[in-house]
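Reproduced below: query_38.cif, with mmCIF, C-alpha atoms.
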data_upload
#
loop_
_atom_site.label_atom_id
_atom_site.label_comp_id
_atom_site.auth_asym_id
_atom_site.auth_seq_id
_atom_site.Cartn_x
_atom_site.Cartn_y
_atom_site.Cartn_z
CA MET K 1 16.43 16.22 -3.69
CA SER K 2 19.02 13.88 -5.19
CA PHE K 3 20.83 11.15 -3.33
CA PRO K 4 24.06 9.79 -4.85
CA ALA K 5 24.48 6.03 -4.88
CA THR K 6 27.06 4.59 -2.55
CA GLY K 7 28.42 1.13 -1.90
CA VAL K 8 26.28 -1.20 0.16
CA THR K 9 27.65 -1.64 3.63
CA LYS K 10 26.60 -4.05 6.32
CA SER K 11 24.42 -2.40 8.94
CA ALA K 12 25.48 -2.44 12.53
CA PRO K 13 23.11 -2.42 15.49
CA ALA K 14 21.76 0.97 16.48
CA ASP K 15 24.61 2.96 18.02
CA ASP K 16 22.57 5.96 19.19
CA ASP K 17 19.00 7.04 19.80
CA ALA K 18 17.03 8.29 16.80
CA PRO K 19 13.43 9.53 16.47
CA THR K 20 10.73 6.94 15.94
CA LEU K 21 10.50 6.28 12.21
CA THR K 22 7.16 6.00 10.41
CA VAL K 23 7.23 3.78 7.32
CA LEU K 24 4.11 4.04 5.15
CA ILE K 25 3.70 1.38 2.44
CA GLY K 26 1.52 2.96 -0.26
CA SER K 27 -1.33 4.51 1.71
CA ALA K 28 -2.59 1.46 3.56
CA ALA K 29 0.03 -0.20 5.76
CA ALA K 30 1.97 1.89 8.27
CA HIS K 31 4.74 0.87 10.64
CA SER K 32 6.38 2.68 13.55
CA ILE K 33 9.97 1.66 14.27
CA ASP K 34 11.98 2.60 17.35
CA SER K 35 15.74 2.87 17.09
CA GLU K 36 16.16 -0.03 19.50
CA ASP K 37 14.45 -2.30 16.94
CA ALA K 38 17.02 -1.53 14.21
CA PRO K 39 18.14 -2.98 11.90
CA VAL K 40 14.78 -3.74 10.24
CA ALA K 41 14.43 -5.15 6.74
CA ILE K 42 11.66 -4.47 4.21
CA GLY K 43 11.03 -7.32 1.80
CA ARG K 44 8.56 -9.63 0.12
CA GLU K 45 8.56 -12.32 2.81
CA ALA K 46 10.45 -13.71 5.79
CA PRO K 47 13.08 -13.12 7.05
CA ALA K 48 12.14 -9.45 6.37
CA GLN K 49 10.34 -7.92 9.36
CA ILE K 50 8.22 -5.51 7.25
CA ARG K 51 6.66 -7.61 4.53
CA VAL K 52 5.28 -6.32 1.24
CA PRO K 53 3.80 -9.31 -0.63
CA ASP K 54 4.47 -7.96 -4.11
CA HIS K 55 6.56 -9.72 -6.73
CA ARG K 56 8.33 -6.51 -7.74
CA ILE K 57 9.97 -6.57 -4.31
CA SER K 58 12.93 -8.78 -3.46
CA ARG K 59 12.74 -11.16 -0.54
CA ARG K 60 14.97 -8.82 1.47
CA HIS K 61 14.90 -5.52 -0.40
CA LEU K 62 15.85 -2.63 1.90
CA GLU K 63 17.34 -2.41 5.39
CA LEU K 64 16.76 0.41 7.89
CA SER K 65 19.47 1.04 10.46
CA VAL K 66 20.62 3.82 12.80
CA ARG K 67 24.04 5.49 12.53
CA ASP K 68 25.08 8.39 14.74
CA GLY K 69 21.48 9.08 15.67
CA ARG K 70 20.19 9.16 12.07
CA TRP K 71 18.14 6.65 10.11
CA VAL K 72 19.88 5.16 7.07
CA ALA K 73 18.31 2.93 4.39
CA THR K 74 20.46 0.46 2.44
CA ASP K 75 19.38 -1.49 -0.65
CA LEU K 76 20.20 -5.17 -0.11
CA SER K 77 21.29 -5.88 -3.69
CA SER K 78 17.64 -6.12 -4.75
CA LYS K 79 16.87 -7.33 -8.26
CA ASN K 80 14.65 -4.38 -9.29
CA GLY K 81 16.33 -1.70 -7.19
CA THR K 82 15.36 1.24 -4.97
CA PHE K 83 14.69 4.66 -6.50
CA ILE K 84 14.43 8.25 -5.30
CA ASN K 85 13.39 10.90 -7.82
CA GLN K 86 13.63 8.15 -10.47
CA GLU K 87 17.35 7.62 -9.75
CA ARG K 88 18.52 4.23 -8.52
CA VAL K 89 20.20 4.47 -5.12
CA GLU K 90 22.13 2.01 -2.99
CA GLU K 91 21.98 3.91 0.28
CA PHE K 92 20.41 7.11 1.60
CA GLU K 93 19.88 8.99 4.86
CA ILE K 94 16.35 9.76 6.01
CA PRO K 95 16.01 13.44 7.06
CA GLU K 96 14.40 14.23 10.41
CA ASP K 97 12.38 17.29 9.45
CA GLU K 98 10.81 16.24 6.15
CA GLU K 99 9.35 13.16 4.55
CA LEU K 100 11.15 11.13 1.91
CA VAL K 101 9.51 8.89 -0.71
CA ALA K 102 11.31 5.96 -2.29
CA HIS K 103 9.97 3.54 -4.90
CA LEU K 104 10.85 -0.13 -4.53
CA GLY K 105 11.04 -2.21 -7.68
CA ASN K 106 10.70 0.49 -10.36
CA PRO K 107 11.31 4.26 -10.56
CA VAL K 108 7.66 4.91 -11.47
CA ALA K 109 5.62 1.69 -11.25
CA GLY K 110 7.29 0.54 -8.03
CA ILE K 111 5.85 0.38 -4.51
CA ALA K 112 5.88 3.87 -2.97
CA VAL K 113 7.33 3.86 0.56
CA THR K 114 7.19 7.06 2.59
CA PHE K 115 9.64 7.61 5.45
CA SER K 116 8.97 10.26 8.08
CA THR K 117 9.79 11.09 11.70
CA ARG K 118 6.61 13.16 12.03
CA ASP K 119 3.53 12.24 14.09
CA ALA K 120 2.71 8.77 12.78
CA GLY K 121 -1.03 9.19 13.32
CA VAL K 122 -1.12 12.39 11.25
CA VAL K 123 0.96 10.75 8.51
CA TYR K 124 -1.44 7.80 8.38
CA ALA K 125 -4.63 9.89 8.47
CA GLY K 126 -3.29 12.26 5.80
CA ALA K 127 -2.44 9.34 3.54
CA GLN K 128 -5.95 7.91 3.92
CA VAL K 129 -7.48 11.29 3.01
CA ALA K 130 -5.25 11.50 -0.07
CA ALA K 131 -6.22 7.97 -1.14
CA ARG K 132 -9.93 8.68 -0.69
CA ARG K 133 -9.67 11.99 -2.58
CA ARG K 134 -8.00 10.25 -5.53
CA GLU K 135 -10.58 7.46 -5.40
CA LEU K 136 -13.36 10.04 -5.77
CA LYS K 137 -11.34 11.90 -8.44
CA LEU K 138 -11.32 15.12 -6.42
CA SER K 139 -8.45 17.52 -7.18
CA GLN K 140 -6.66 19.63 -4.61
CA ARG K 141 -7.50 22.74 -6.62
CA GLY K 142 -11.16 21.74 -6.79
CA LEU K 143 -11.41 21.40 -3.01
CA ALA K 144 -9.70 24.76 -2.59
CA SER K 145 -12.00 26.53 -5.07
CA GLY K 146 -14.99 24.97 -3.30
CA GLY K 147 -13.92 26.54 -0.02
CA ILE K 148 -13.24 23.19 1.65
CA ILE K 149 -9.55 23.65 2.44
CA ASN K 150 -6.67 25.73 1.09
CA ALA K 151 -4.63 23.75 -1.45
CA GLY K 152 -1.39 24.34 0.44
CA ALA K 153 -2.97 23.23 3.72
CA LEU K 154 -4.35 20.08 2.06
CA ILE K 155 -0.97 19.17 0.59
CA SER K 156 0.64 19.71 4.00
CA PHE K 157 -1.96 17.51 5.71
CA GLU K 158 -1.82 14.72 3.12
CA LYS K 159 1.95 14.61 3.57
CA GLY K 160 1.63 14.42 7.36
CA ARG K 161 3.11 17.85 8.03
CA SER K 162 0.11 19.48 9.72
CA TRP K 163 -3.22 18.70 11.38
CA PRO K 164 -6.27 20.67 10.14
CA ARG K 165 -8.75 22.33 12.47
CA GLN K 166 -11.94 20.51 13.45
CA GLY K 167 -14.13 22.62 11.16
CA THR K 168 -11.88 21.89 8.21
CA ARG K 169 -11.81 18.18 9.03
CA GLU K 170 -15.61 18.13 9.10
CA LYS K 171 -15.77 19.81 5.68
CA LEU K 172 -13.34 17.23 4.32
CA GLU K 173 -15.32 14.35 5.80
CA GLU K 174 -18.49 15.65 4.17
CA VAL K 175 -16.98 15.94 0.70
CA LEU K 176 -15.22 12.56 1.09
CA HIS K 177 -18.56 10.94 2.13
CA TRP K 178 -17.18 9.89 5.50
CA LYS K 179 -18.92 9.96 8.84
CA LYS K 180 -18.22 12.95 11.07
CA GLY K 181 -15.11 12.24 13.16
CA THR K 182 -13.59 9.69 10.77
CA ILE K 183 -10.32 11.61 10.30
CA GLU K 184 -9.76 11.98 14.03
CA LYS K 185 -10.67 8.30 14.41
CA LEU K 186 -7.99 7.31 11.90
CA ARG K 187 -5.35 9.27 13.80
CA ARG K 188 -6.48 7.96 17.20
CA GLU K 189 -6.67 4.33 16.08
CA TYR K 190 -3.23 4.53 14.57
CA ALA K 191 -1.84 5.92 17.84
CA SER K 192 -3.44 3.03 19.74
CA GLY K 193 -2.05 0.46 17.35
CA GLY K 194 -5.21 -0.16 15.33
CA GLY K 195 -3.98 1.36 12.09
CA THR K 196 -0.46 0.06 11.97
CA THR K 197 1.20 -3.20 11.19
CA ALA K 198 3.44 -4.57 13.88
CA VAL K 199 6.99 -5.16 12.74
CA ASN K 200 7.40 -8.91 12.48
CA PRO K 201 10.19 -10.48 14.52
CA PRO K 202 13.22 -11.85 12.66
CA VAL K 203 12.95 -15.49 11.64
CA ALA K 204 15.43 -18.05 10.46
CA ASP K 205 16.37 -17.86 6.79
CA VAL K 206 14.69 -20.48 4.58
CA PRO K 207 15.03 -21.30 0.88
CA ASP K 208 13.21 -18.83 -1.38
CA PRO K 209 10.60 -20.73 -3.45
CA GLU K 210 9.69 -17.75 -5.66
CA LYS K 211 11.52 -15.32 -7.89
CA THR K 212 11.20 -11.57 -8.00
CA VAL K 213 9.38 -10.32 -11.09
CA VAL K 214 11.76 -8.15 -13.09
CA VAL K 215 10.03 -4.87 -13.97
CA PRO K 216 11.28 -3.33 -17.24
CA PRO K 217 12.50 0.28 -17.13
CA ALA K 218 9.90 2.95 -17.81
CA PRO K 219 10.17 5.87 -20.22
CA PRO K 220 10.39 9.40 -18.79
CA PRO K 221 7.06 10.08 -17.03
CA ALA K 222 4.70 13.03 -17.33
CA ARG K 223 3.81 15.16 -14.33
CA GLU K 224 0.42 15.57 -12.68
CA GLU K 225 -1.00 18.55 -10.83
CA THR K 226 0.21 17.17 -7.53
CA GLY K 227 3.76 16.66 -8.80
CA SER K 228 3.54 12.86 -8.66
CA SER K 229 4.75 10.74 -11.57
CA THR K 230 2.53 8.98 -14.11
CA ILE K 231 3.63 6.17 -16.34
CA ASP K 232 3.14 5.89 -20.11
CA PRO K 233 -0.11 3.89 -20.70
CA THR K 234 1.38 1.73 -23.45
CA PHE K 235 4.29 0.68 -21.25
CA LEU K 236 1.98 0.04 -18.30
CA ALA K 237 -0.38 -2.05 -20.44
CA GLN K 238 2.52 -4.24 -21.63
CA TRP K 239 3.90 -4.65 -18.13
CA ALA K 240 0.43 -5.37 -16.67
CA SER K 241 -0.21 -8.02 -19.33
CA GLN K 242 3.07 -9.74 -18.44
CA SER K 243 2.21 -9.61 -14.73
CA LEU K 244 -1.27 -10.99 -15.41
CA ALA K 245 0.20 -13.88 -17.41
CA GLN K 246 2.49 -14.70 -14.51
CA ALA K 247 -0.43 -14.52 -12.05
CA ARG K 248 -2.38 -16.97 -14.20
CA ALA K 249 0.62 -19.30 -14.18
CA HIS K 250 0.74 -19.07 -10.37
CA ARG K 251 -2.98 -19.85 -10.24
CA ALA K 252 -2.47 -22.96 -12.32
CA ASP K 253 0.19 -24.11 -9.84
CA LEU K 254 -1.96 -23.61 -6.74
CA PRO K 255 -2.30 -26.69 -4.51
CA LEU K 256 -5.70 -28.29 -4.09
CA ALA K 257 -8.10 -26.27 -1.95
CA SER K 258 -8.19 -29.10 0.59
CA LYS K 259 -4.40 -29.02 1.10
CA PRO K 260 -2.86 -27.15 4.08
CA GLY K 261 -0.73 -24.89 1.85
CA TYR K 262 -3.63 -23.64 -0.27
CA GLN K 263 -4.65 -20.60 1.77
CA ALA K 264 -1.10 -19.21 2.06
CA ALA K 265 -0.52 -19.68 -1.68
CA VAL K 266 -3.85 -18.20 -2.77
CA SER K 267 -3.41 -15.26 -0.38
CA ARG K 268 -0.09 -14.40 -2.05
CA LEU K 269 -1.81 -14.57 -5.43
CA ILE K 270 -4.65 -12.32 -4.24
CA ASP K 271 -2.09 -9.81 -2.93
CA GLN K 272 -0.36 -9.81 -6.31
CA LEU K 273 -3.58 -9.37 -8.29
CA SER K 274 -4.97 -6.72 -5.91
CA SER K 275 -1.80 -4.64 -6.25
CA LEU K 276 -1.93 -5.02 -10.03
CA GLU K 277 -5.63 -4.09 -10.17
CA LEU K 278 -5.06 -0.93 -8.10
CA LEU K 279 -2.12 0.15 -10.23
CA VAL K 280 -3.98 -0.35 -13.52
CA HIS K 281 -7.24 1.11 -12.15
CA ASN K 282 -5.54 4.43 -11.44
CA ALA K 283 -4.75 4.78 -15.16
CA SER K 284 -7.62 2.78 -16.69
CA ALA K 285 -9.10 5.85 -18.42
CA ALA K 286 -6.39 5.41 -21.07
CA PRO K 287 -7.72 3.28 -23.98
CA ALA K 288 -4.59 1.10 -23.95
CA LEU K 289 -5.38 -0.03 -20.39
CA ARG K 290 -9.12 -0.69 -20.47
CA THR K 291 -8.89 -4.24 -21.78
CA VAL K 292 -6.12 -5.36 -19.45
CA PHE K 293 -7.87 -3.70 -16.49
CA LEU K 294 -11.02 -5.75 -17.12
CA GLN K 295 -8.90 -8.89 -17.53
CA VAL K 296 -7.11 -8.28 -14.22
CA ARG K 297 -10.37 -7.56 -12.42
CA ASN K 298 -12.00 -10.71 -13.80
CA GLU K 299 -8.98 -12.84 -12.87
CA LEU K 300 -9.04 -11.46 -9.32
CA ARG K 301 -12.78 -12.15 -9.12
CA GLU K 302 -12.35 -15.76 -10.18
CA VAL K 303 -9.51 -16.34 -7.72
CA MET K 304 -11.45 -14.74 -4.85
CA LEU K 305 -14.61 -16.76 -5.57
CA ALA K 306 -12.62 -19.99 -5.70
CA ALA K 307 -10.84 -19.11 -2.44
CA ALA K 308 -14.18 -18.35 -0.78
CA GLU K 309 -15.32 -21.91 -1.52
CA SER K 310 -12.29 -23.48 0.15
CA PRO K 311 -12.45 -24.95 3.68
CA SER K 312 -9.85 -22.42 4.83
CA ALA K 313 -11.60 -19.35 3.36
CA THR K 314 -10.92 -16.09 5.21
CA SER K 315 -13.63 -13.68 6.31
CA GLY K 316 -12.49 -11.26 3.62
CA GLN K 317 -12.80 -13.87 0.88
CA ARG K 318 -16.30 -14.80 2.07
CA LEU K 319 -17.31 -11.12 2.12
CA PHE K 320 -16.12 -10.72 -1.46
CA ALA K 321 -18.20 -13.72 -2.57
CA ILE K 322 -21.34 -12.40 -0.85
CA ARG K 323 -20.81 -8.93 -2.34
CA ASP K 324 -20.43 -10.50 -5.75
CA GLN K 325 -23.60 -12.56 -5.33
CA ASP K 326 -25.64 -9.61 -4.03
CA ARG K 327 -24.09 -7.17 -6.51
CA LEU K 328 -22.79 -4.85 -3.82
CA SER K 329 -19.92 -2.57 -4.78
CA VAL K 330 -17.03 -1.82 -2.44
CA GLU K 331 -18.59 1.59 -1.82
CA ASP K 332 -21.97 0.00 -1.02
CA ALA K 333 -20.37 -2.36 1.51
CA ALA K 334 -18.35 0.47 3.03
CA MET K 335 -21.45 2.61 3.48
CA LEU K 336 -23.46 -0.24 5.03
CA ALA K 337 -20.63 -1.24 7.37
CA GLY K 338 -19.70 2.34 8.26
CA VAL K 339 -16.06 2.10 7.19
CA PRO K 340 -13.94 3.65 4.41
CA PRO K 341 -13.83 1.74 1.08
CA ALA K 342 -10.07 1.30 1.55
CA SER K 343 -10.78 -0.80 4.65
CA VAL K 344 -13.16 -3.05 2.70
CA ARG K 345 -10.48 -3.66 0.08
CA ALA K 346 -7.82 -4.34 2.71
CA PHE K 347 -10.17 -6.69 4.61
CA GLU K 348 -10.96 -8.73 1.51
CA ALA K 349 -7.33 -8.89 0.34
CA GLY K 350 -6.04 -9.88 3.77
CA GLY K 351 -4.24 -6.57 4.31
CA GLN K 352 -3.92 -4.31 7.33
CA LEU K 353 -6.73 -2.03 8.50
CA PRO K 354 -7.80 -0.31 11.73
CA GLY K 355 -9.04 -2.73 14.38
CA ALA K 356 -12.43 -1.02 14.71
CA ASP K 357 -12.99 -1.26 10.94
CA LYS K 358 -12.10 -4.95 11.00
CA ASP K 359 -14.62 -5.59 13.79
CA ALA K 360 -17.29 -3.61 11.91
CA LEU K 361 -16.71 -5.66 8.75
CA GLU K 362 -16.85 -8.95 10.70
CA HIS K 363 -20.24 -7.88 12.11
CA PHE K 364 -21.38 -6.78 8.64
CA LEU K 365 -20.37 -10.17 7.20
CA ALA K 366 -22.26 -11.99 9.94
CA SER K 367 -25.39 -9.97 9.13
CA LEU K 368 -25.22 -11.05 5.48
CA GLN K 369 -24.74 -14.75 6.06
#
Go ahead and render the structure in this file as structure tokens.
Amino acid sequence: MSFPATGVTKSAPADDDAPTLTVLIGSAAAHSIDSEDAPVAIGREAPAQIRVPDHRISRRHLELSVRDGRWVATDLSSKNGTFINQERVEEFEIPEDEELVAHLGNPVAGIAVTFSTRDAGVVYAGAQVAARRRELKLSQRGLASGGIINAGALISFEKGRSWPRQGTREKLEEVLHWKKGTIEKLRREYASGGGTTAVNPPVADVPDPEKTVVVPPAPPPAREETGSSTIDPTFLAQWASQSLAQARAHRADLPLASKPGYQAAVSRLIDQLSSLELLVHNASAAPALRTVFLQVRNELREVMLAAAESPSATSGQRLFAIRDQDRLSVEDAAMLAGVPPASVRAFEAGGQLPGADKDALEHFLASLQ
């Protein structure tokens, strides 16, 4: 589906009711927005209400508003742009009966944002299943040939279009190494507010102390089995090296650990490095990316260990340090705590995760100390 670019127009308050909109950032942070809350901005930091702490994203990047009962997204003159099907767009309408994926910051290496008016809990649970499947390197065809779930049904579920039967969910949970009932738990916790990020209230505009990282354009991507885009490894290695150099510069500029502003600054740096590590990890099998992947992972480790020693250390930072000391992998910690690995990563990086998973990880941390 192609969306022609149009001029940016100023959004007006919602002038009609529209279905609740689900906004999924990657596969981890989900938001539900009612039409009465519009307009809502997505951006790197305040005054945006939905915040994505990534330096590819402008401070106020995209605005969601309601016009004539339909959701409309408008790019707010962002530095790196908004893309659909690798085409830069200024404004687009979000359809009611199907999901739409936009990339913020780059047509391929940008932050994937999924918009949908479907059941938010199903959208969230499906995204978590897709993320776990990719983490374990399980293909949709492989699961189908193994009699777990039909490939078409799996695609539909991962995109939030359908809800599989209990028997199918149990088969998926077994092959994903999840406890029985985890998928239903993800949907239920999302519906009760545990798996979503509340939309932050508007705040007064303040001077922007940081600059958006300009992401260079990517060459035409190849296609995977699932139809998603992959980026050329050489380009990604160059871009990742530039981003790592900038992260190291930010680390050198961090305030002293005893200063009040340290935790906020180091948390932004951890967000940046975590996003970079995940992006490079997904393509680290390519020889061009192995070295930079190890460099990014080591930099993140050093930053996390230093943060864990600070007086203002978060529970997630302390858990990372204990894991590192005891040589526990993310998967080991997830198994011992009874949560998905994605929740461990989100907990340590200060991201959003279901409330029950957060409580489980707090108890797990207490048992290790």
Exercise for the section: In the coordinates of the file, take the point (4.5, 8.5, 19.3) and a cut-off of 9 Å; then, counting all atoms listed in the file, name each qualifying protein, DNA or RNA residue as a list in words. Expected result: Thr20, Ser32, Arg118, Asp119, Ala120, Gly121 and Ala191 of chain K
Can you write out the residues you just picked, keeping C-alpha atoms, as an mmCIF file, keeping the file's coordinate frame?
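So again_6.cif came out as:
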data_model
loop_
_atom_site.group_PDB
_atom_site.id
_atom_site.type_symbol
_atom_site.label_atom_id
_atom_site.label_comp_id
_atom_site.auth_asym_id
_atom_site.auth_seq_id
_atom_site.Cartn_x
_atom_site.Cartn_y
_atom_site.Cartn_z
ATOM 1 C CA THR K 20 10.730 6.940 15.940
ATOM 2 C CA SER K 32 6.380 2.680 13.550
ATOM 3 C CA ARG K 118 6.610 13.160 12.030
ATOM 4 C CA ASP K 119 3.530 12.240 14.090
ATOM 5 C CA ALA K 120 2.710 8.770 12.780
ATOM 6 C CA GLY K 121 -1.030 9.190 13.320
ATOM 7 C CA ALA K 191 -1.840 5.920 17.840
#
Problem - Explicit residues for the PyMOL selection byres ((chain K and resi 187) around 8) (as a ChimeraX atom specification) - result: /K:121-122,124-125,183-186,188-191
Exercise for the section: Take atom CA of K:Ser329 and atom CA of K:Ser312 and report the distance between them in Å, one decimal. Expected result: 24.2 Å
Handout entry: Distance criterion (all atoms listed in the file): nearest to K:Met304 out of K:Gln263, K:Ser343, K:Asn85, K:Thr114
Key =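 Residue with the minimum atom-to-atom distance to K:Met304: K:Gln263.
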Selection result of the PyMOL selection byres ((chain K and resi 265) around 12) on this file, as a CSV table (one decimal) with C-alpha atoms, in the coordinates of the input:
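The resulting file, expr.csv, is shown below:
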chain,number,residue,atom,x,y,z
K,53,PRO,CA,3.8,-9.3,-0.6
K,209,PRO,CA,10.6,-20.7,-3.4
K,210,GLU,CA,9.7,-17.8,-5.7
K,247,ALA,CA,-0.4,-14.5,-12.0
K,250,HIS,CA,0.7,-19.1,-10.4
K,251,ARG,CA,-3.0,-19.8,-10.2
K,252,ALA,CA,-2.5,-23.0,-12.3
K,253,ASP,CA,0.2,-24.1,-9.8
K,254,LEU,CA,-2.0,-23.6,-6.7
K,255,PRO,CA,-2.3,-26.7,-4.5
K,256,LEU,CA,-5.7,-28.3,-4.1
K,257,ALA,CA,-8.1,-26.3,-2.0
K,259,LYS,CA,-4.4,-29.0,1.1
K,260,PRO,CA,-2.9,-27.2,4.1
K,261,GLY,CA,-0.7,-24.9,1.8
K,262,TYR,CA,-3.6,-23.6,-0.3
K,263,GLN,CA,-4.6,-20.6,1.8
K,264,ALA,CA,-1.1,-19.2,2.1
K,266,VAL,CA,-3.8,-18.2,-2.8
K,267,SER,CA,-3.4,-15.3,-0.4
K,268,ARG,CA,-0.1,-14.4,-2.0
K,269,LEU,CA,-1.8,-14.6,-5.4
K,270,ILE,CA,-4.6,-12.3,-4.2
K,271,ASP,CA,-2.1,-9.8,-2.9
K,272,GLN,CA,-0.4,-9.8,-6.3
K,303,VAL,CA,-9.5,-16.3,-7.7
K,307,ALA,CA,-10.8,-19.1,-2.4
K,312,SER,CA,-9.8,-22.4,4.8
Exercise for the section: Name the residues that the PyMOL selection byres ((chain K and resi 330-335) around 12) picks from the file above, as a ChimeraX atom specification, using the file's chain letters and numbers. Expected result: /K:132,135-136,176-179,319-324,326-329,336-348,357-358,360-365,367-368
Practice task
Would you work out the distance separating atom CA of K:Glu93 from atom CA of K:Lys79, expressed in Å to one decimal?
Solution key: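 Atom CA of K:Lys79 lies at a distance of 21.2 Å from atom CA of K:Glu93.
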Handout entry: Which of K:Ala46, K:Ala144, K:Ala41, K:Ile84 sits closest to K:Glu63 [using all atoms listed in the file]
Key =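 The answer is K:Ala41, which sits nearest to K:Glu63.
The smallest atom-to-atom distance between K:Leu154 and any of K:Lys137, K:Phe92, K:Ala130, K:Glu302, using all atoms listed in the file, is found for K:Ala130.
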Practice task
Measure the distance from atom CA of K:Arg141 to atom CA of K:Gln166 in Å and round it to one decimal.
Solution key: 20.7 Å
Problem - Nearest to K:Ser77, chosen from K:Gly43, K:Pro354, K:Pro107, K:Gly146, with all atoms listed in the file counted in the distances - result: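 Smallest separation from K:Ser77 among the options: K:Gly43.
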Practice task
Write out as a list in words each polymer residue whose atoms come within 12 Å of K:Gly147, counting all atoms listed in the file; drop sequence neighbours fewer than 2 positions from it.
Solution key: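 Answer for this query is Gln140, Arg141, Gly142, Leu143, Ala144, Ser145, Ile149, Asn150, Ala151, Leu154, Gly167, Thr168, Lys171, Leu172 and Val175 of chain K.
Within 8 Å of the point (11.4, 9.6, 0.2) in file coordinates, and counting all atoms listed in the file, lie the residues Ile84, Ile94, Glu99, Leu100, Val101, Ala102, Val113, Thr114 and Phe115 of chain K.
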The selected residues should be written to file as a PDB file, in the frame of the given file (atoms: C-alpha atoms).
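The resulting file, again-v8.pdb, is reproduced below:
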ATOM      1  CA  ILE K  84      14.430   8.250  -5.300  1.00  0.00           C
ATOM      2  CA  ILE K  94      16.350   9.760   6.010  1.00  0.00           C
ATOM      3  CA  GLU K  99       9.350  13.160   4.550  1.00  0.00           C
ATOM      4  CA  LEU K 100      11.150  11.130   1.910  1.00  0.00           C
ATOM      5  CA  VAL K 101       9.510   8.890  -0.710  1.00  0.00           C
ATOM      6  CA  ALA K 102      11.310   5.960  -2.290  1.00  0.00           C
ATOM      7  CA  VAL K 113       7.330   3.860   0.560  1.00  0.00           C
ATOM      8  CA  THR K 114       7.190   7.060   2.590  1.00  0.00           C
ATOM      9  CA  PHE K 115       9.640   7.610   5.450  1.00  0.00           C
TER      10      PHE K 115
END
Got a sec: who's within 12 Å of K:Gln295, counting all atoms listed in the file, leaving out chain neighbours fewer than 5 positions off, as a JSON list (two decimals) with C-alpha atoms, in the coordinates of the input?
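Saved to around.json:
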[["chain", "number", "residue", "atom", "x", "y", "z"],
["K", 237, "ALA", "CA", -0.38, -2.05, -20.44],
["K", 240, "ALA", "CA", 0.43, -5.37, -16.67],
["K", 241, "SER", "CA", -0.21, -8.02, -19.33],
["K", 243, "SER", "CA", 2.21, -9.61, -14.73],
["K", 244, "LEU", "CA", -1.27, -10.99, -15.41],
["K", 245, "ALA", "CA", 0.20, -13.88, -17.41],
["K", 247, "ALA", "CA", -0.43, -14.52, -12.05],
["K", 248, "ARG", "CA", -2.38, -16.97, -14.20],
["K", 273, "LEU", "CA", -3.58, -9.37, -8.29],
["K", 276, "LEU", "CA", -1.93, -5.02, -10.03],
["K", 277, "GLU", "CA", -5.63, -4.09, -10.17],
["K", 280, "VAL", "CA", -3.98, -0.35, -13.52],
["K", 281, "HIS", "CA", -7.24, 1.11, -12.15],
["K", 284, "SER", "CA", -7.62, 2.78, -16.69],
["K", 289, "LEU", "CA", -5.38, -0.03, -20.39],
["K", 290, "ARG", "CA", -9.12, -0.69, -20.47],
["K", 300, "LEU", "CA", -9.04, -11.46, -9.32],
["K", 301, "ARG", "CA", -12.78, -12.15, -9.12],
["K", 302, "GLU", "CA", -12.35, -15.76, -10.18]]
Practice task
Show which residues sit within 9 Å of K:Val40, as a PyMOL selection string. Count all atoms listed in the file, and ignore same-chain residues fewer than 4 positions away.
Solution key: chain K and resi 33+48-50+62-65+199+202
